[in-house]
file work24.pdb (PDB, C-alpha atoms, pLDDT in the B column)
ATOM      1  CA  ALA A   1     -30.399  -8.460 -36.884  1.00 90.00           C
ATOM      2  CA  ALA A   2     -31.100 -10.339 -40.116  1.00 94.00           C
ATOM      3  CA  ILE A   3     -28.137 -12.697 -39.831  1.00 96.00           C
ATOM      4  CA  PRO A   4     -29.863 -15.530 -37.894  1.00 96.00           C
ATOM      5  CA  GLU A   5     -32.763 -15.627 -40.342  1.00 96.00           C
ATOM      6  CA  ILE A   6     -30.464 -15.516 -43.375  1.00 97.00           C
ATOM      7  CA  ALA A   7     -28.319 -18.276 -41.824  1.00 97.00           C
ATOM      8  CA  ARG A   8     -31.416 -20.465 -41.329  1.00 95.00           C
ATOM      9  CA  ALA A   9     -32.410 -19.869 -44.948  1.00 95.00           C
ATOM     10  CA  VAL A  10     -29.061 -21.080 -46.311  1.00 95.00           C
ATOM     11  CA  ALA A  11     -28.514 -23.953 -43.820  1.00 95.00           C
ATOM     12  CA  PRO A  12     -26.865 -26.407 -43.979  1.00 95.00           C
ATOM     13  CA  MET A  13     -24.547 -24.267 -46.129  1.00 95.00           C
ATOM     14  CA  THR A  14     -22.253 -21.789 -44.425  1.00 96.00           C
ATOM     15  CA  LEU A  15     -23.015 -18.095 -44.551  1.00 97.00           C
ATOM     16  CA  VAL A  16     -19.687 -16.289 -44.932  1.00 96.00           C
ATOM     17  CA  ILE A  17     -19.734 -12.643 -43.951  1.00 96.00           C
ATOM     18  CA  ARG A  18     -16.838 -10.819 -45.502  1.00 94.00           C
ATOM     19  CA  PRO A  19     -16.632  -7.324 -43.991  1.00 91.00           C
ATOM     20  CA  HIS A  20     -15.647  -4.460 -46.240  1.00 86.00           C
ATOM     21  CA  PRO A  21     -12.058  -3.373 -45.528  1.00 84.00           C
ATOM     22  CA  SER A  22     -13.368  -0.134 -44.011  1.00 86.00           C
ATOM     23  CA  GLU A  23     -15.724  -1.965 -41.613  1.00 89.00           C
ATOM     24  CA  ASN A  24     -14.968  -3.157 -38.119  1.00 91.00           C
ATOM     25  CA  PRO A  25     -15.271  -6.973 -38.256  1.00 93.00           C
ATOM     26  CA  LYS A  26     -16.008  -7.072 -34.499  1.00 95.00           C
ATOM     27  CA  SER A  27     -19.539  -5.759 -35.189  1.00 94.00           C
ATOM     28  CA  TRP A  28     -20.174  -8.612 -37.611  1.00 95.00           C
ATOM     29  CA  GLU A  29     -18.620 -11.162 -35.263  1.00 96.00           C
ATOM     30  CA  ALA A  30     -20.940  -9.994 -32.464  1.00 96.00           C
ATOM     31  CA  ALA A  31     -23.965 -10.239 -34.775  1.00 94.00           C
ATOM     32  CA  ALA A  32     -22.964 -13.760 -35.833  1.00 96.00           C
ATOM     33  CA  ALA A  33     -22.196 -15.006 -32.320  1.00 96.00           C
ATOM     34  CA  GLY A  34     -24.030 -18.222 -31.504  1.00 95.00           C
ATOM     35  CA  VAL A  35     -25.150 -18.886 -35.080  1.00 97.00           C
ATOM     36  CA  PRO A  36     -23.387 -22.148 -35.971  1.00 96.00           C
ATOM     37  CA  ASN A  37     -23.304 -21.873 -39.765  1.00 97.00           C
ATOM     38  CA  VAL A  38     -21.979 -18.289 -39.908  1.00 97.00           C
ATOM     39  CA  LYS A  39     -18.331 -17.367 -40.299  1.00 97.00           C
ATOM     40  CA  VAL A  40     -16.921 -13.830 -40.404  1.00 96.00           C
ATOM     41  CA  ILE A  41     -13.812 -14.025 -42.563  1.00 93.00           C
ATOM     42  CA  HIS A  42     -11.733 -11.382 -44.264  1.00 86.00           C
ATOM     43  CA  GLU A  43      -8.705 -12.805 -45.982  1.00 86.00           C
ATOM     44  CA  GLY A  44      -7.315 -12.835 -49.489  1.00 86.00           C
ATOM     45  CA  PRO A  45      -8.745 -11.231 -52.606  1.00 90.00           C
ATOM     46  CA  ILE A  46     -12.503 -11.313 -53.208  1.00 90.00           C
ATOM     47  CA  GLY A  47     -12.330 -13.121 -56.593  1.00 91.00           C
ATOM     48  CA  PRO A  48     -11.764 -16.665 -55.302  1.00 93.00           C
ATOM     49  CA  TRP A  49     -14.457 -16.182 -52.643  1.00 93.00           C
ATOM     50  CA  LEU A  50     -16.950 -15.124 -55.311  1.00 95.00           C
ATOM     51  CA  MET A  51     -16.051 -18.062 -57.548  1.00 94.00           C
ATOM     52  CA  ALA A  52     -16.645 -20.467 -54.641  1.00 95.00           C
ATOM     53  CA  ALA A  53     -19.847 -18.796 -53.427  1.00 96.00           C
ATOM     54  CA  ARG A  54     -23.336 -19.975 -54.335  1.00 96.00           C
ATOM     55  CA  GLY A  55     -24.504 -16.347 -54.217  1.00 97.00           C
ATOM     56  CA  LEU A  56     -23.692 -12.871 -52.932  1.00 97.00           C
ATOM     57  CA  ILE A  57     -25.739 -10.516 -50.770  1.00 97.00           C
ATOM     58  CA  GLN A  58     -24.553  -6.935 -51.059  1.00 95.00           C
ATOM     59  CA  ASN A  59     -25.654  -3.348 -50.603  1.00 92.00           C
ATOM     60  CA  GLY A  60     -23.991  -0.839 -52.899  1.00 90.00           C
ATOM     61  CA  CYS A  61     -20.818  -2.896 -53.303  1.00 92.00           C
ATOM     62  CA  THR A  62     -18.758  -3.292 -56.455  1.00 91.00           C
ATOM     63  CA  SER A  63     -18.331  -6.955 -55.499  1.00 94.00           C
ATOM     64  CA  ALA A  64     -21.648  -7.413 -57.326  1.00 95.00           C
ATOM     65  CA  VAL A  65     -19.887  -6.427 -60.545  1.00 94.00           C
ATOM     66  CA  GLU A  66     -17.131  -8.962 -59.884  1.00 94.00           C
ATOM     67  CA  ALA A  67     -19.775 -11.575 -59.045  1.00 95.00           C
ATOM     68  CA  GLY A  68     -21.506 -10.868 -62.350  1.00 93.00           C
ATOM     69  CA  VAL A  69     -18.269 -11.311 -64.248  1.00 90.00           C
ATOM     70  CA  VAL A  70     -17.534 -14.708 -62.638  1.00 92.00           C
ATOM     71  CA  GLY A  71     -21.155 -15.888 -62.886  1.00 93.00           C
ATOM     72  CA  THR A  72     -22.166 -15.821 -59.218  1.00 97.00           C
ATOM     73  CA  PRO A  73     -25.737 -14.573 -58.636  1.00 97.00           C
ATOM     74  CA  ALA A  74     -25.892 -11.339 -56.630  1.00 97.00           C
ATOM     75  CA  LEU A  75     -28.707  -9.990 -54.468  1.00 97.00           C
ATOM     76  CA  ALA A  76     -28.929  -6.309 -53.578  1.00 97.00           C
ATOM     77  CA  PHE A  77     -30.442  -6.152 -50.079  1.00 96.00           C
ATOM     78  CA  ARG A  78     -31.855  -2.622 -49.858  1.00 95.00           C
ATOM     79  CA  PRO A  79     -34.408  -2.375 -47.047  1.00 94.00           C
ATOM     80  CA  ARG A  80     -33.835   1.383 -47.008  1.00 93.00           C
ATOM     81  CA  VAL A  81     -33.211   3.235 -50.249  1.00 92.00           C
ATOM     82  CA  SER A  82     -31.517   6.597 -50.428  1.00 88.00           C
ATOM     83  CA  GLU A  83     -31.131   7.928 -53.955  1.00 83.00           C
ATOM     84  CA  GLN A  84     -28.222  10.020 -52.679  1.00 87.00           C
ATOM     85  CA  PHE A  85     -26.161   6.942 -51.750  1.00 86.00           C
ATOM     86  CA  GLU A  86     -27.334   4.262 -54.181  1.00 88.00           C
ATOM     87  CA  VAL A  87     -24.738   2.597 -56.428  1.00 89.00           C
ATOM     88  CA  GLU A  88     -26.495   2.078 -59.742  1.00 92.00           C
ATOM     89  CA  LEU A  89     -23.977  -0.293 -61.295  1.00 93.00           C
ATOM     90  CA  SER A  90     -23.940  -2.831 -58.447  1.00 94.00           C
ATOM     91  CA  ASN A  91     -27.725  -2.661 -58.074  1.00 93.00           C
ATOM     92  CA  ARG A  92     -28.403  -3.164 -61.791  1.00 94.00           C
ATOM     93  CA  VAL A  93     -26.313  -6.350 -61.962  1.00 95.00           C
ATOM     94  CA  SER A  94     -28.080  -7.770 -58.886  1.00 96.00           C
ATOM     95  CA  ARG A  95     -31.586  -8.940 -58.050  1.00 96.00           C
ATOM     96  CA  ASP A  96     -33.233  -6.211 -55.982  1.00 96.00           C
ATOM     97  CA  CYS A  97     -34.559  -7.247 -52.547  1.00 97.00           C
ATOM     98  CA  ARG A  98     -36.302  -4.545 -50.509  1.00 96.00           C
ATOM     99  CA  SER A  99     -37.261  -6.560 -47.414  1.00 97.00           C
ATOM    100  CA  LEU A 100     -35.926  -9.460 -45.388  1.00 97.00           C
ATOM    101  CA  PRO A 101     -38.749 -11.819 -46.490  1.00 97.00           C
ATOM    102  CA  GLU A 102     -38.019 -10.888 -50.123  1.00 98.00           C
ATOM    103  CA  LEU A 103     -34.296 -11.570 -49.557  1.00 97.00           C
ATOM    104  CA  ILE A 104     -35.028 -14.954 -47.963  1.00 97.00           C
ATOM    105  CA  THR A 105     -37.266 -15.917 -50.901  1.00 97.00           C
ATOM    106  CA  ALA A 106     -34.535 -14.851 -53.351  1.00 97.00           C
ATOM    107  CA  LEU A 107     -31.902 -16.849 -51.437  1.00 95.00           C
ATOM    108  CA  LYS A 108     -34.047 -19.980 -51.590  1.00 93.00           C
ATOM    109  CA  SER A 109     -34.494 -19.582 -55.354  1.00 93.00           C
ATOM    110  CA  LEU A 110     -31.033 -18.497 -56.464  1.00 94.00           C
ATOM    111  CA  PRO A 111     -30.443 -19.291 -60.112  1.00 93.00           C
ATOM    112  CA  PRO A 112     -27.557 -21.610 -60.942  1.00 93.00           C
ATOM    113  CA  LYS A 113     -24.166 -20.035 -61.429  1.00 94.00           C
ATOM    114  CA  GLY A 114     -23.676 -18.765 -64.940  1.00 93.00           C
ATOM    115  CA  PRO A 115     -23.780 -15.659 -67.076  1.00 91.00           C
ATOM    116  CA  LEU A 116     -25.961 -12.744 -66.077  1.00 90.00           C
ATOM    117  CA  PRO A 117     -29.334 -12.409 -67.803  1.00 91.00           C
ATOM    118  CA  GLU A 118     -28.844 -10.657 -71.163  1.00 92.00           C
ATOM    119  CA  LYS A 119     -30.326  -7.330 -69.981  1.00 93.00           C
ATOM    120  CA  GLN A 120     -27.867  -7.130 -67.052  1.00 93.00           C
ATOM    121  CA  LEU A 121     -25.006  -8.374 -69.216  1.00 91.00           C
ATOM    122  CA  ALA A 122     -25.704  -5.667 -71.814  1.00 92.00           C
ATOM    123  CA  TYR A 123     -25.638  -3.051 -69.059  1.00 93.00           C
ATOM    124  CA  LEU A 124     -22.373  -4.442 -67.674  1.00 91.00           C
ATOM    125  CA  ARG A 125     -20.816  -4.271 -71.152  1.00 90.00           C
ATOM    126  CA  THR A 126     -21.352  -0.499 -71.121  1.00 91.00           C
ATOM    127  CA  HIS A 127     -18.962  -0.319 -68.140  1.00 90.00           C
ATOM    128  CA  ILE A 128     -16.459  -3.110 -68.733  1.00 86.00           C
ATOM    129  CA  ALA A 129     -14.627  -3.588 -72.017  1.00 78.00           C
ATOM    130  CA  SER A 130     -13.699  -7.225 -71.579  1.00 76.00           C
ATOM    131  CA  VAL A 131     -16.862  -8.903 -70.315  1.00 80.00           C
ATOM    132  CA  ASP A 132     -16.647 -11.083 -73.422  1.00 79.00           C
ATOM    133  CA  GLY A 133     -13.539 -12.350 -75.144  1.00 78.00           C
ATOM    134  CA  ALA A 134      -9.956 -12.110 -73.955  1.00 80.00           C
ATOM    135  CA  PHE A 135      -9.098 -11.034 -70.423  1.00 76.00           C
ATOM    136  CA  SER A 136      -7.678  -7.547 -69.975  1.00 76.00           C
ATOM    137  CA  CYS A 137      -4.266  -8.986 -69.027  1.00 80.00           C
ATOM    138  CA  ASP A 138      -4.172 -10.871 -72.350  1.00 85.00           C
ATOM    139  CA  ARG A 139      -5.162  -7.704 -74.219  1.00 83.00           C
ATOM    140  CA  LEU A 140      -2.372  -5.780 -72.478  1.00 84.00           C
ATOM    141  CA  LEU A 141       0.198  -8.430 -73.365  1.00 87.00           C
ATOM    142  CA  ASP A 142      -0.984  -8.421 -76.990  1.00 88.00           C
ATOM    143  CA  ALA A 143      -0.686  -4.624 -77.112  1.00 87.00           C
ATOM    144  CA  LEU A 144       2.835  -4.809 -75.687  1.00 87.00           C
ATOM    145  CA  ASP A 145       3.766  -7.392 -78.332  1.00 87.00           C
ATOM    146  CA  ASP A 146       2.257  -5.230 -81.086  1.00 88.00           C
ATOM    147  CA  HIS A 147       4.292  -2.195 -80.001  1.00 83.00           C
ATOM    148  CA  ALA A 148       7.467  -3.849 -78.703  1.00 80.00           C
ATOM    149  CA  ASP A 149       9.602  -1.934 -81.195  1.00 79.00           C
ATOM    150  CA  ARG A 150       8.454   1.375 -79.663  1.00 76.00           C
ATOM    151  CA  LEU A 151       8.989   0.236 -76.076  1.00 73.00           C
ATOM    152  CA  VAL A 152      12.732  -0.279 -76.336  1.00 71.00           C
ATOM    153  CA  ALA A 153      14.617   2.979 -75.901  1.00 66.00           C
ATOM    154  CA  PRO A 154      17.808   3.382 -77.909  1.00 63.00           C
ATOM    155  CA  PRO A 155      20.913   3.151 -75.758  1.00 61.00           C
ATOM    156  CA  ALA A 156      22.134   6.442 -74.350  1.00 56.00           C
ATOM    157  CA  ARG A 157      25.286   7.784 -76.004  1.00 71.00           C
ATOM    158  CA  GLY A 158      28.024   9.145 -73.888  1.00 76.00           C
ATOM    159  CA  ALA A 159      28.382   9.835 -70.195  1.00 76.00           C
ATOM    160  CA  LEU A 160      26.412  13.108 -70.329  1.00 76.00           C
ATOM    161  CA  ALA A 161      23.369  11.458 -71.898  1.00 75.00           C
ATOM    162  CA  MET A 162      23.548   8.598 -69.367  1.00 73.00           C
ATOM    163  CA  ALA A 163      23.724  11.055 -66.459  1.00 76.00           C
ATOM    164  CA  GLY A 164      20.705  12.934 -67.846  1.00 76.00           C
ATOM    165  CA  THR A 165      18.690   9.717 -68.089  1.00 74.00           C
ATOM    166  CA  ARG A 166      19.507   8.779 -64.496  1.00 72.00           C
ATOM    167  CA  LEU A 167      18.720  12.275 -63.242  1.00 73.00           C
ATOM    168  CA  ALA A 168      15.305  12.155 -64.963  1.00 74.00           C
ATOM    169  CA  HIS A 169      14.637   8.792 -63.323  1.00 66.00           C
ATOM    170  CA  PHE A 170      15.389  10.073 -59.822  1.00 67.00           C
ATOM    171  CA  ARG A 171      13.389  13.275 -60.383  1.00 67.00           C
ATOM    172  CA  ARG A 172      10.244  11.170 -60.787  1.00 64.00           C
ATOM    173  CA  TYR A 173      10.445   9.714 -57.273  1.00 65.00           C
ATOM    174  CA  PRO A 174       9.384  12.875 -55.366  1.00 67.00           C
ATOM    175  CA  LEU A 175       6.550  13.438 -57.823  1.00 64.00           C
ATOM    176  CA  ARG A 176       5.391   9.821 -57.478  1.00 64.00           C
ATOM    177  CA  ASP A 177       5.562   9.994 -53.681  1.00 66.00           C
ATOM    178  CA  THR A 178       3.592  13.245 -53.684  1.00 66.00           C
ATOM    179  CA  ILE A 179       0.908  11.757 -55.933  1.00 65.00           C
ATOM    180  CA  LYS A 180       0.672   8.625 -53.773  1.00 66.00           C
ATOM    181  CA  GLY A 181       0.333  10.847 -50.682  1.00 65.00           C
ATOM    182  CA  LEU A 182      -2.556  12.715 -52.262  1.00 65.00           C
TER     183      LEU A 182
END

call {"tool": "encode", "arguments": {"input": "work24.pdb", "output": "structure tokens"}}
result
Amino acid sequence: AAIPEIARAVAPMTLVIRPHPSENPKSWEAAAAGVPNVKVIHEGPIGPWLMAARGLIQNGCTSAVEAGVVGTPALAFRPRVSEQFEVELSNRVSRDCRSLPELITALKSLPPKGPLPEKQLAYLRTHIASVDGAFSCDRLLDALDDHADRLVAPPARGALAMAGTRLAHFRRYPLRDTIKGL
């Protein structure tokens, strides 16, 4: 019900509604029908969308954490609060909006893209190791370089040892499939 009013608040920009993978996009498409600057799109990873966005409206979604990392302001729209279902991390890295008028006001005064305020950034650092400095992929590659000598197994000696190595490899498949099934 809030979509037309939110769309008016952000016009002439486009309001992109990106349904959660578990949601039925048809519900969002019906809600956005007839509102010219609203698109319901679910394609690709969320990161590029967040980097391109001016802001994010969310409710209990870890996308707020990703938005904080890439410097996109996030708003937590929480017109109804249930302590049982609240997601503290996503709410604490977002600006809290408890009503539609409060959300509209926040949308019209979004801060520029950039780092989170220091209080939110400090909280995020308690959950994410690489908020500052090298990316996690770079840290992993550095760790692999540092321990490369331990990662190379000595060649197996003899046919019996080679058969044992292959048998151990194939024994892992059922275990892996069972774990994936769980």

call {"tool": "atom_distance", "arguments": {"input": "work24.pdb", "atom1": "atom CA of A:Arg139", "atom2": "atom CA of A:Thr126"}}
result
18.0 Å

call {"tool": "atom_distance", "arguments": {"input": "work24.pdb", "atom1": "atom CA of A:Leu75", "atom2": "atom CA of A:Lys26"}}
result
23.8 Å

call {"tool": "resolve_selection", "arguments": {"input": "work24.pdb", "expression": "the PyMOL selection byres ((chain A and resi 5) around 12)", "output": "list of chain:residue names"}}
result
A:Ala1, A:Ala2, A:Ile3, A:Pro4, A:Ile6, A:Ala7, A:Arg8, A:Ala9, A:Val10, A:Ala11, A:Leu15, A:Ala31, A:Ala32, A:Val35, A:Asn37, A:Val38, A:Leu100, A:Pro101, A:Leu103, A:Ile104, A:Thr105, A:Leu107

call {"tool": "resolve_selection", "arguments": {"input": "work24.pdb", "expression": "the PyMOL selection byres ((chain A and resi 18) around 12)", "output": "VMD selection string"}}
result
chain A and resid 15 to 17 19 to 29 32 38 to 46 49 to 50 53 56 to 58 61 63

call {"tool": "closest_residue", "arguments": {"input": "work24.pdb", "among": "A:Ala106, A:Pro112, A:Pro79, A:Gln120", "to": "A:Val65", "atoms": "only C-alpha atoms"}}
result
A:Gln120

call {"tool": "closest_residue", "arguments": {"input": "work24.pdb", "among": "A:Cys97, A:Val69, A:Ala64, A:Ala33", "to": "A:Phe135", "atoms": "all atoms listed in the file"}}
result
A:Val69

call {"tool": "atom_distance", "arguments": {"input": "work24.pdb", "atom1": "atom CA of A:Gly68", "atom2": "atom CA of A:Leu121"}}
result
8.1 Å

call {"tool": "residues_around", "arguments": {"input": "work24.pdb", "residues": "A:Gly55", "least_positions_apart": "6", "cutoff": "7 Å", "atoms": "all atoms listed in the file", "output": "list in words"}}
result
Thr72, Pro73 and Ala74 of chain A

call {"tool": "residues_around", "arguments": {"input": "work24.pdb", "residues": "A:Met51", "least_positions_apart": "4", "cutoff": "8 Å", "atoms": "only C-alpha atoms", "output": "PyMOL selection string"}}
result
chain A and resi 47+67+70-72

call {"tool": "resolve_selection", "arguments": {"input": "work24.pdb", "expression": "the PyMOL selection byres ((chain A and resi 88) around 12)", "output": "PyMOL selection string"}}
result
chain A and resi 59-62+64-65+76+81-87+89-94+96+120+123-124+127

call {"tool": "axis_aligned_box", "arguments": {"input": "work24.pdb", "around": "stretch 145-150 of chain A", "padding_each_side": "4 Å", "output": "JSON"}}
result
{"center_x": 5.9, "center_y": -3.0, "center_z": -79.8, "size_x": 15.3, "size_y": 16.8, "size_z": 10.9}
